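Below you'll find the structure, written out as structure tokens, and then a few comments.
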Amino acid sequence: MRINEEKLKGIIEELTLDKEQLNEIASALRFDMELALRGEEASMPMLCSYIGMPNGQEKGEFLALDFGGTNLRAELVSLKGDCQYEIVKMVAKPLVTEEYNLINGSASAEQVFDFIADMFAELLAGAEKKTYYLGHTFSFPSKQTDIYNARLIVWTKEFAIPGVEGEVVNDLLQAALNRKGLENVKVVAVINDTVAELLTAGYQYPDTQIGCIYATGSNNCYMERTSAADRPAAIINMESGSFNKLVPSQWDNQLDAESERPGNQRLEKMVSGRYMGELLSLTVQAVMDLPERPDFNAIDMSGIMSDTSATAADAAKIISAKIGELQPGEAAYIRDLTETIAIRSARIVAACFAGILWHLSGSGKIAEQHIAIDGSVYEHMPHIKESLNKGLSELLGEEAAAVTPMLLKDGSGLGAAIAAAVASKDL
């Protein structure tokens with residue numbers, strides 16, 4: 001067998017977090033949160049969204065724009081009160097096809113936002129005289145000063161549309177709607193996808209206080225009920241992927257050093273789907289002394305862990321496609337390593353939740369509540385849900401029974417409509 005069993009054992013031990021280590025992460029995250037809320041230097045920016053939670057009784061028809069990647073969605077949403085809603089109509093279009101590419105810099109900001117305005121013209125055909133309020137989920141780094149004003153800092157996700165960075169994106173959107181003759185549409189709110197997730201959850205489950213994206217990337221937000229001089233009581237977008245008060249393994253440090261932005265997003269690099277496969281690739285190369293690094297991803301990891309048989313024959317097919325023919329027993333060892341990486345990810349996320357819950361409860365008991373989680377890692381990867389729940393139980397003890405993590409999918413569109421409803425109350 002080519003696997004160095006002693007080295008494998010050492011890596012698994014290094015990537016296994018016990019209760020004491022989880023407690024240190026949770027406590028450090030809470031401390032970092034509270035530093036940032038006081039305006040002191042911290043690793044997480046703790047961005048104010050300038051919007052509070054819905055109460056589940058919001059009513060009316062609202063428009064939503066989900067602008068978080070290359071696939072856009074324009075929606076007409078009916079909020080019915082009593083935590084009920086209906087997606088009345090939706091228009092979805094890609095920004096990139098074989099015929100055109102609107103993100104690579106060849107199209108102007110005006111052309112891109114006119115493209116979006118055309119989607120709303122199609123959505124509202126025959127209803128151009130009724131006034132609608134529009135909420136906008138915009139999942140790119142932005143500097144926000146109120147619920148309407150968010151200036152794009154820099155494009156990410158391979159976007160390079162000129163004339164948008166530094167601008168208020170809602171101004172660009174409203175101008176395009178006006179050019180299309182849709183002056184009846186009033187843009188009133190902009191939020192990011194994590195905040196949209198929490199708003200969606202809060203409308204249906206009013207006890208929800210924490211929202212989480214657990215997918216290719218990782219982020220948390222929560223409802224901060226204490227105001228400060230520079231912000232109201234509002235949902236805080238933590239940008240928790242940047243939390244760096246962790247004790248990384250040598251493998252985490254190597255991954256970080258080889259990443260596009262060394263030193264940044266340290267927590268995200270230890271938990272998210274984007275990086276777990278890279279961590280597996282690094283460690284498999286080490287334990288098998290491979291001349292070239294294999295290229296595993298989160299989907300490969302899910303497939304490997306889904307094979308629970310003693311022989312790990314199905315897992316072996318996935319692994320051998322990456323590194324060549326395996327010897328007997330090697331697939332099971334690599335499956336053990338894969339499980340260790342996934343379980344550590346879930347336990348770190350659980351520690352993040354515990355830190356937020358401790359902040360929210362102060363010196364009192366943790367209130368009964370749901371935690372809303374959206375993302376492919378939480379939804380599909382084996383061992384994640386049960387490992388997250390186990391981590392919460394270890395950290396919270398009997399109080400863990402008050403907390404119910406739940407999968408809540410596709411919150412970006414509905415969350416934007418709820419943001420429009422909440423924001424329009426003050427108009």
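Chain lettering (A, B, ...) mirrors the order of the structure tokens, residue numbering begins at 1 for each chain separately, and ligand numbering begins at 1 in order of display.
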
For A:Phe138: contacts at 12 Å, only C-alpha atoms, fewer than 6 positions along chain excluded, given as number ranges by chain: A: 49, 64-70, 72-73, 144, 148-152, 155-156, 168-170, 173, 189-196, 412-413, 415-416

Could you pull the residues within 7 Å of stretch 109-121 of chain A, counting only C-alpha atoms, minus those fewer than 3 positions along the same chain, as a VMD selection string? chain A and resid 74 91 102 124 to 125 161 to 164 172 to 173 176 to 177 180

Take the residues that were just selected and, keeping N, CA and C atoms, output them as a tab-separated table (two decimals), in the first residue's frame.
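The result, stored in selection14.tsv:
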chain	number	residue	atom	x	y	z
A	74	ALA	N	-36.00	38.12	-12.09
A	74	ALA	CA	-36.94	39.19	-11.74
A	74	ALA	C	-38.23	38.50	-11.31
A	91	VAL	N	-39.30	36.02	-14.30
A	91	VAL	CA	-38.56	36.04	-15.56
A	91	VAL	C	-37.09	35.84	-15.20
A	102	LEU	N	-22.46	39.69	-21.23
A	102	LEU	CA	-22.68	41.02	-20.68
A	102	LEU	C	-21.83	41.31	-19.45
A	124	LEU	N	-44.01	42.73	-16.07
A	124	LEU	CA	-45.16	43.58	-15.74
A	124	LEU	C	-46.02	43.93	-16.95
A	125	ALA	N	-45.87	43.19	-18.03
A	125	ALA	CA	-46.65	43.48	-19.23
A	125	ALA	C	-48.14	43.55	-18.88
A	161	ILE	N	-17.99	44.55	-15.60
A	161	ILE	CA	-18.85	45.53	-16.27
A	161	ILE	C	-18.34	46.93	-15.92
A	162	PRO	N	-17.95	47.73	-16.91
A	162	PRO	CA	-17.41	49.06	-16.62
A	162	PRO	C	-18.52	50.02	-16.17
A	163	GLY	N	-18.12	51.02	-15.39
A	163	GLY	CA	-19.06	52.07	-15.02
A	163	GLY	C	-19.97	51.75	-13.86
A	164	VAL	N	-19.68	50.67	-13.12
A	164	VAL	CA	-20.52	50.30	-11.97
A	164	VAL	C	-19.76	50.46	-10.66
A	172	LEU	N	-28.44	53.16	-10.71
A	172	LEU	CA	-28.31	52.64	-12.08
A	172	LEU	C	-29.55	51.85	-12.48
A	173	LEU	N	-30.07	51.06	-11.54
A	173	LEU	CA	-31.26	50.27	-11.82
A	173	LEU	C	-32.48	51.16	-12.03
A	176	ALA	N	-32.45	52.91	-15.38
A	176	ALA	CA	-32.79	52.01	-16.49
A	176	ALA	C	-34.29	51.75	-16.55
A	177	LEU	N	-34.91	51.58	-15.40
A	177	LEU	CA	-36.37	51.38	-15.36
A	177	LEU	C	-37.09	52.61	-15.91
A	180	LYS	N	-37.01	52.80	-19.57
A	180	LYS	CA	-37.92	51.81	-20.17
A	180	LYS	C	-39.38	52.22	-19.99

Take atom CA of A:Lys365 and atom CA of A:Arg30 and report the distance between them in Å, one decimal. 15.9 Å

Who sits within 12 Å of A:Asp300, only C-alpha atoms, same chain under 6 positions skipped, as a count of residues only: 26

Nearest to A:Lys186, chosen from A:Ala401, A:Leu63, A:Leu246, A:Ala233, with only C-alpha atoms counted in the distances: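 Closest to A:Lys186, using only C-alpha atoms: A:Leu63.
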
With only C-alpha atoms as the atoms that count, which of A:Phe243, A:Tyr203, A:Phe62, A:Tyr85 lies nearest to A:Val187?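 Smallest distance to A:Val187 is found for A:Phe62.
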
Residues flagged strand (DSSP E or B) by DSSP in stretch 204-286 of chain A, as a VMD selection string: chain A and resid 210 to 214 218 to 224 228 231 234 to 237

Write out the residues from the selection above, keeping N, CA and C atoms, as a JSON list (two decimals), in the first residue's frame.
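Output saved as result-v5.json:
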[["chain", "number", "residue", "atom", "x", "y", "z"],
["A", 210, "ILE", "N", -30.80, 34.01, 13.00],
["A", 210, "ILE", "CA", -29.51, 33.79, 12.36],
["A", 210, "ILE", "C", -29.74, 33.21, 10.97],
["A", 211, "GLY", "N", -29.02, 33.74, 9.98],
["A", 211, "GLY", "CA", -29.04, 33.20, 8.63],
["A", 211, "GLY", "C", -27.63, 32.82, 8.21],
["A", 212, "CYS", "N", -27.52, 31.76, 7.43],
["A", 212, "CYS", "CA", -26.21, 31.25, 7.04],
["A", 212, "CYS", "C", -26.22, 30.80, 5.58],
["A", 213, "ILE", "N", -25.18, 31.16, 4.85],
["A", 213, "ILE", "CA", -24.91, 30.58, 3.54],
["A", 213, "ILE", "C", -23.76, 29.60, 3.73],
["A", 214, "TYR", "N", -23.99, 28.34, 3.36],
["A", 214, "TYR", "CA", -23.00, 27.27, 3.56],
["A", 214, "TYR", "C", -22.90, 26.51, 2.25],
["A", 218, "SER", "N", -18.96, 30.95, 2.37],
["A", 218, "SER", "CA", -19.53, 30.80, 3.71],
["A", 218, "SER", "C", -19.71, 32.18, 4.33],
["A", 219, "ASN", "N", -20.90, 32.42, 4.91],
["A", 219, "ASN", "CA", -21.16, 33.69, 5.58],
["A", 219, "ASN", "C", -22.33, 33.52, 6.54],
["A", 220, "ASN", "N", -22.37, 34.39, 7.55],
["A", 220, "ASN", "CA", -23.47, 34.41, 8.51],
["A", 220, "ASN", "C", -23.98, 35.83, 8.69],
["A", 221, "CYS", "N", -25.25, 35.94, 9.04],
["A", 221, "CYS", "CA", -25.81, 37.22, 9.47],
["A", 221, "CYS", "C", -26.75, 36.94, 10.64],
["A", 222, "TYR", "N", -27.11, 38.00, 11.36],
["A", 222, "TYR", "CA", -28.02, 37.82, 12.49],
["A", 222, "TYR", "C", -28.70, 39.15, 12.77],
["A", 223, "MET", "N", -29.78, 39.11, 13.54],
["A", 223, "MET", "CA", -30.50, 40.32, 13.91],
["A", 223, "MET", "C", -29.90, 40.91, 15.18],
["A", 224, "GLU", "N", -29.25, 42.08, 15.03],
["A", 224, "GLU", "CA", -28.67, 42.80, 16.16],
["A", 224, "GLU", "C", -29.72, 43.79, 16.69],
["A", 228, "ALA", "N", -26.54, 51.52, 17.84],
["A", 228, "ALA", "CA", -25.33, 52.25, 18.20],
["A", 228, "ALA", "C", -25.38, 53.61, 17.54],
["A", 231, "ARG", "N", -25.35, 53.22, 13.74],
["A", 231, "ARG", "CA", -26.23, 52.27, 13.06],
["A", 231, "ARG", "C", -27.48, 52.01, 13.91],
["A", 234, "ALA", "N", -30.51, 46.38, 13.56],
["A", 234, "ALA", "CA", -30.67, 45.91, 12.19],
["A", 234, "ALA", "C", -30.00, 44.56, 12.02],
["A", 235, "ILE", "N", -30.27, 43.91, 10.90],
["A", 235, "ILE", "CA", -29.56, 42.69, 10.54],
["A", 235, "ILE", "C", -28.10, 43.06, 10.23],
["A", 236, "ILE", "N", -27.18, 42.30, 10.80],
["A", 236, "ILE", "CA", -25.76, 42.51, 10.57],
["A", 236, "ILE", "C", -25.23, 41.42, 9.64],
["A", 237, "ASN", "N", -24.71, 41.83, 8.50],
["A", 237, "ASN", "CA", -24.02, 40.93, 7.59],
["A", 237, "ASN", "C", -22.59, 40.81, 8.10]]

Between atom CA of A:Asn104 and atom CA of A:Gly411, what is the distance, to one decimal in Å?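 Atom CA of A:Asn104 sits 27.1 Å away from atom CA of A:Gly411.
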
Using only C-alpha atoms, determine which residues lie at most 10 Å from A:Glu386, disregarding the query and same-chain residues fewer than 5 positions distant; provide the list as a list in words.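 In the requested format, the answer is Ile343, Ala346, Arg347, Gly391 and Leu392 of chain A.
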
Within 9 Å of A:Ala367, counting only C-alpha atoms, which residues qualify if same-chain residues fewer than 5 places away don't, as a PyMOL selection string? chain A and resi 207+357+360-361+399+402-403

Env of A:Ala350: 9 Å cut, atoms = only C-alpha atoms, seq-sep filter 3 positions within chain, self excluded. Answer as a PyMOL selection string. chain A and resi 22+26+345-347+353-355+387-392+395

Residues as selected, all heavy atoms, written as a short mmCIF file (atom, residue, chain, number, x, y, z; two decimals), in the first residue's frame, can you do that?
data_model
loop_
_atom_site.label_atom_id
_atom_site.label_comp_id
_atom_site.auth_asym_id
_atom_site.auth_seq_id
_atom_site.Cartn_x
_atom_site.Cartn_y
_atom_site.Cartn_z
N LEU A 22 -13.45 23.73 19.93
CA LEU A 22 -14.67 24.37 19.43
C LEU A 22 -15.08 25.53 20.32
O LEU A 22 -15.49 26.59 19.84
CB LEU A 22 -15.82 23.36 19.37
CG LEU A 22 -15.81 22.30 18.28
CD1 LEU A 22 -17.13 21.54 18.31
CD2 LEU A 22 -15.59 22.92 16.91
N ALA A 26 -15.69 29.45 19.24
CA ALA A 26 -16.95 30.15 19.50
C ALA A 26 -16.72 31.40 20.35
O ALA A 26 -17.28 32.47 20.08
CB ALA A 26 -17.93 29.21 20.18
N SER A 345 -15.30 20.95 9.03
CA SER A 345 -16.01 22.10 8.48
C SER A 345 -17.31 22.34 9.23
O SER A 345 -17.60 23.46 9.66
CB SER A 345 -16.29 21.86 6.99
OG SER A 345 -17.22 22.80 6.49
N ALA A 346 -18.10 21.30 9.40
CA ALA A 346 -19.40 21.43 10.06
C ALA A 346 -19.24 21.86 11.52
O ALA A 346 -20.04 22.65 12.03
CB ALA A 346 -20.17 20.12 9.97
N ARG A 347 -18.22 21.35 12.18
CA ARG A 347 -18.02 21.70 13.59
C ARG A 347 -17.59 23.15 13.75
O ARG A 347 -17.97 23.82 14.71
CB ARG A 347 -17.02 20.73 14.23
CG ARG A 347 -17.62 19.34 14.43
CD ARG A 347 -16.60 18.30 14.88
NE ARG A 347 -16.10 18.51 16.21
CZ ARG A 347 -16.71 18.21 17.34
NH1 ARG A 347 -17.94 17.68 17.29
NH2 ARG A 347 -16.16 18.39 18.52
N PHE A 353 -22.09 29.46 15.04
CA PHE A 353 -23.47 29.63 15.53
C PHE A 353 -23.47 29.83 17.04
O PHE A 353 -24.19 30.69 17.57
CB PHE A 353 -24.33 28.42 15.18
CG PHE A 353 -24.64 28.28 13.71
CD1 PHE A 353 -25.05 27.05 13.20
CD2 PHE A 353 -24.53 29.34 12.84
CE1 PHE A 353 -25.35 26.90 11.86
CE2 PHE A 353 -24.82 29.21 11.49
CZ PHE A 353 -25.23 27.98 11.00
N ALA A 354 -22.68 29.03 17.75
CA ALA A 354 -22.65 29.15 19.21
C ALA A 354 -22.16 30.53 19.63
O ALA A 354 -22.73 31.14 20.55
CB ALA A 354 -21.75 28.05 19.79
N GLY A 355 -21.13 31.04 18.98
CA GLY A 355 -20.64 32.37 19.30
C GLY A 355 -21.70 33.44 19.11
O GLY A 355 -21.86 34.34 19.94
N SER A 387 -23.04 16.36 11.98
CA SER A 387 -21.84 16.87 12.66
C SER A 387 -22.07 18.27 13.20
O SER A 387 -21.59 18.63 14.29
CB SER A 387 -20.65 16.88 11.69
OG SER A 387 -20.35 15.57 11.26
N LEU A 388 -22.82 19.09 12.45
CA LEU A 388 -23.16 20.43 12.92
C LEU A 388 -24.02 20.35 14.18
O LEU A 388 -23.77 21.04 15.18
CB LEU A 388 -23.88 21.18 11.81
CG LEU A 388 -24.06 22.70 11.95
CD1 LEU A 388 -24.23 23.34 10.58
CD2 LEU A 388 -25.25 23.06 12.82
N ASN A 389 -25.02 19.49 14.15
CA ASN A 389 -25.90 19.34 15.32
C ASN A 389 -25.14 18.82 16.54
O ASN A 389 -25.36 19.26 17.67
CB ASN A 389 -27.06 18.40 14.99
CG ASN A 389 -28.06 19.03 14.05
OD1 ASN A 389 -28.21 20.25 14.00
ND2 ASN A 389 -28.75 18.22 13.26
N LYS A 390 -24.23 17.87 16.29
CA LYS A 390 -23.43 17.33 17.40
C LYS A 390 -22.55 18.42 17.99
O LYS A 390 -22.41 18.54 19.22
CB LYS A 390 -22.59 16.17 16.92
CG LYS A 390 -21.79 15.50 18.03
CD LYS A 390 -20.96 14.33 17.52
CE LYS A 390 -20.13 13.71 18.64
NZ LYS A 390 -19.25 12.63 18.16
N GLY A 391 -21.96 19.24 17.13
CA GLY A 391 -21.12 20.34 17.62
C GLY A 391 -21.92 21.32 18.48
O GLY A 391 -21.44 21.77 19.53
N LEU A 392 -23.13 21.65 18.03
CA LEU A 392 -23.98 22.54 18.83
C LEU A 392 -24.31 21.92 20.18
O LEU A 392 -24.31 22.60 21.21
CB LEU A 392 -25.27 22.85 18.07
CG LEU A 392 -25.18 23.89 16.96
CD1 LEU A 392 -26.50 23.97 16.21
CD2 LEU A 392 -24.81 25.27 17.52
N LEU A 395 -21.38 22.23 22.54
CA LEU A 395 -21.11 23.60 22.97
C LEU A 395 -22.22 24.17 23.85
O LEU A 395 -21.95 24.93 24.79
CB LEU A 395 -20.92 24.50 21.75
CG LEU A 395 -19.61 24.30 20.99
CD1 LEU A 395 -19.70 24.92 19.61
CD2 LEU A 395 -18.45 24.91 21.77
#

If you run DSSP on the backbone here, which positions in stretch 239-337 of chain A get helix (DSSP H, G or I)? Please write them as a ChimeraX atom specification. /A:240-242,250-257,268-271,273-288,298-306,313-323,330-337

Just the selected residues (C-alpha atoms), exported as a short mmCIF file (atom, residue, chain, number, x, y, z; two decimals), in the first residue's frame, please.
data_model
loop_
_atom_site.label_atom_id
_atom_site.label_comp_id
_atom_site.auth_asym_id
_atom_site.auth_seq_id
_atom_site.Cartn_x
_atom_site.Cartn_y
_atom_site.Cartn_z
CA SER A 240 -17.76 35.86 8.80
CA GLY A 241 -15.64 34.11 6.18
CA SER A 242 -12.97 36.68 7.03
CA GLN A 250 -0.15 23.26 8.36
CA TRP A 251 -2.41 22.20 5.48
CA ASP A 252 -4.66 25.23 5.95
CA ASN A 253 -1.58 27.42 5.94
CA GLN A 254 -0.31 25.85 2.74
CA LEU A 255 -3.70 26.26 1.07
CA ASP A 256 -3.86 29.89 2.16
CA ALA A 257 -0.31 30.63 0.96
CA GLU A 268 -14.00 30.43 4.64
CA LYS A 269 -10.89 28.54 3.52
CA MET A 270 -11.45 26.03 6.34
CA VAL A 271 -15.17 25.40 5.87
CA GLY A 273 -17.17 24.00 -0.59
CA ARG A 274 -14.77 26.09 -2.67
CA TYR A 275 -11.80 25.03 -0.54
CA MET A 276 -12.59 21.64 1.05
CA GLY A 277 -11.70 19.81 -2.16
CA GLU A 278 -8.39 21.68 -2.33
CA LEU A 279 -7.62 20.63 1.23
CA LEU A 280 -8.35 17.01 0.34
CA SER A 281 -6.08 17.31 -2.71
CA LEU A 282 -3.20 18.64 -0.59
CA THR A 283 -3.48 15.95 2.06
CA VAL A 284 -3.95 13.04 -0.38
CA GLN A 285 -0.81 14.12 -2.20
CA ALA A 286 1.03 14.13 1.13
CA VAL A 287 -0.12 10.76 2.47
CA MET A 288 0.45 9.00 -0.87
CA ALA A 298 -16.71 19.18 -3.06
CA ILE A 299 -18.80 17.03 -5.42
CA ASP A 300 -16.07 14.37 -5.42
CA MET A 301 -16.03 14.49 -1.62
CA SER A 302 -19.79 13.94 -1.43
CA GLY A 303 -19.51 10.97 -3.78
CA ILE A 304 -16.67 9.43 -1.80
CA MET A 305 -18.50 9.77 1.52
CA SER A 306 -21.78 8.49 0.08
CA ALA A 313 -15.68 0.27 -4.33
CA ASP A 314 -17.73 3.24 -5.56
CA ALA A 315 -15.48 5.68 -3.72
CA ALA A 316 -12.50 3.98 -5.35
CA LYS A 317 -13.87 4.79 -8.82
CA ILE A 318 -14.01 8.50 -7.98
CA ILE A 319 -10.56 8.50 -6.41
CA SER A 320 -8.87 6.44 -9.13
CA ALA A 321 -10.19 8.85 -11.76
CA LYS A 322 -8.07 11.49 -10.04
CA ILE A 323 -4.91 9.60 -9.09
CA GLU A 330 -6.47 2.76 -0.14
CA ALA A 331 -9.96 4.05 -1.00
CA ALA A 332 -11.21 3.44 2.55
CA TYR A 333 -8.27 5.37 3.99
CA ILE A 334 -8.90 8.31 1.68
CA ARG A 335 -12.60 8.17 2.58
CA ASP A 336 -11.60 8.52 6.26
CA LEU A 337 -9.57 11.59 5.38
#

Contact residues around A:Lys80 with only C-alpha atoms at 12 Å, ignoring same-chain residues under 4 positions, as a PDB file with N, CA and C atoms, in the first residue's frame:
ATOM      1  N   GLY A  56     -43.918  38.769   9.540  1.00  0.00           N
ATOM      2  CA  GLY A  56     -44.760  37.728   8.945  1.00  0.00           C
ATOM      3  C   GLY A  56     -46.125  38.211   8.538  1.00  0.00           C
ATOM      4  N   GLN A  57     -46.436  39.479   8.832  1.00  0.00           N
ATOM      5  CA  GLN A  57     -47.761  40.019   8.498  1.00  0.00           C
ATOM      6  C   GLN A  57     -47.718  41.004   7.327  1.00  0.00           C
ATOM      7  N   GLU A  58     -46.540  41.187   6.724  1.00  0.00           N
ATOM      8  CA  GLU A  58     -46.439  42.084   5.572  1.00  0.00           C
ATOM      9  C   GLU A  58     -47.319  41.564   4.435  1.00  0.00           C
ATOM     10  N   LYS A  59     -48.012  42.495   3.778  1.00  0.00           N
ATOM     11  CA  LYS A  59     -48.927  42.119   2.692  1.00  0.00           C
ATOM     12  C   LYS A  59     -48.718  43.012   1.479  1.00  0.00           C
ATOM     13  N   GLY A  60     -49.074  42.482   0.320  1.00  0.00           N
ATOM     14  CA  GLY A  60     -49.017  43.265  -0.908  1.00  0.00           C
ATOM     15  C   GLY A  60     -48.162  42.586  -1.962  1.00  0.00           C
ATOM     16  N   GLU A  61     -48.173  43.158  -3.161  1.00  0.00           N
ATOM     17  CA  GLU A  61     -47.347  42.650  -4.257  1.00  0.00           C
ATOM     18  C   GLU A  61     -46.084  43.499  -4.378  1.00  0.00           C
ATOM     19  N   PHE A  62     -44.951  42.833  -4.420  1.00  0.00           N
ATOM     20  CA  PHE A  62     -43.662  43.504  -4.476  1.00  0.00           C
ATOM     21  C   PHE A  62     -42.794  42.855  -5.544  1.00  0.00           C
ATOM     22  N   GLN A  84     -47.488  33.752   4.861  1.00  0.00           N
ATOM     23  CA  GLN A  84     -47.779  33.097   3.582  1.00  0.00           C
ATOM     24  C   GLN A  84     -47.358  34.004   2.426  1.00  0.00           C
ATOM     25  N   TYR A  85     -46.941  33.366   1.309  1.00  0.00           N
ATOM     26  CA  TYR A  85     -46.530  34.130   0.138  1.00  0.00           C
ATOM     27  C   TYR A  85     -46.745  33.295  -1.122  1.00  0.00           C
ATOM     28  N   GLU A  86     -46.662  33.972  -2.274  1.00  0.00           N
ATOM     29  CA  GLU A  86     -46.753  33.294  -3.560  1.00  0.00           C
ATOM     30  C   GLU A  86     -45.847  34.000  -4.563  1.00  0.00           C
ATOM     31  N   ILE A  87     -45.058  33.234  -5.297  1.00  0.00           N
ATOM     32  CA  ILE A  87     -44.298  33.788  -6.422  1.00  0.00           C
ATOM     33  C   ILE A  87     -45.263  33.835  -7.604  1.00  0.00           C
ATOM     34  N   VAL A  88     -45.789  35.016  -7.893  1.00  0.00           N
ATOM     35  CA  VAL A  88     -46.836  35.150  -8.910  1.00  0.00           C
ATOM     36  C   VAL A  88     -46.268  34.924 -10.304  1.00  0.00           C
ATOM     37  N   TYR A 203     -39.781  35.711   7.732  1.00  0.00           N
ATOM     38  CA  TYR A 203     -41.175  35.872   7.313  1.00  0.00           C
ATOM     39  C   TYR A 203     -41.976  34.610   7.595  1.00  0.00           C
ATOM     40  N   GLN A 204     -41.342  33.453   7.411  1.00  0.00           N
ATOM     41  CA  GLN A 204     -42.050  32.173   7.595  1.00  0.00           C
ATOM     42  C   GLN A 204     -41.923  31.623   9.012  1.00  0.00           C
ATOM     43  N   ILE A 418     -39.365  40.839   0.425  1.00  0.00           N
ATOM     44  CA  ILE A 418     -39.652  41.163   1.830  1.00  0.00           C
ATOM     45  C   ILE A 418     -38.931  42.450   2.219  1.00  0.00           C
ATOM     46  N   ALA A 421     -40.944  45.251   1.067  1.00  0.00           N
ATOM     47  CA  ALA A 421     -42.117  45.441   1.931  1.00  0.00           C
ATOM     48  C   ALA A 421     -41.740  46.174   3.210  1.00  0.00           C
TER      49      ALA A 421
END

Compare A:Leu134, A:Ser309, A:Arg261, A:Met33 by their minimum atom-to-atom distance to A:Gly329, counting only C-alpha atoms, and give me the closest one.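 With only C-alpha atoms as the atom set, the closest residue is A:Ser309.
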
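With distances taken over only C-alpha atoms, A:Ala312 is the one residue among A:Ala423, A:Ile51, A:Ala312, A:Met46 lying closest to A:Leu326.
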
What is the distance, in Å and to one decimal place, between atom CA of A:His136 and atom CA of A:Thr216?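 Separating atom CA of A:His136 from atom CA of A:Thr216 is a distance of 21.6 Å.
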
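Take the candidates A:Pro405, A:Gly135, A:Pro262, A:Pro248 and check each one against A:Glu75 using only C-alpha atoms; the shortest distance goes to A:Gly135.
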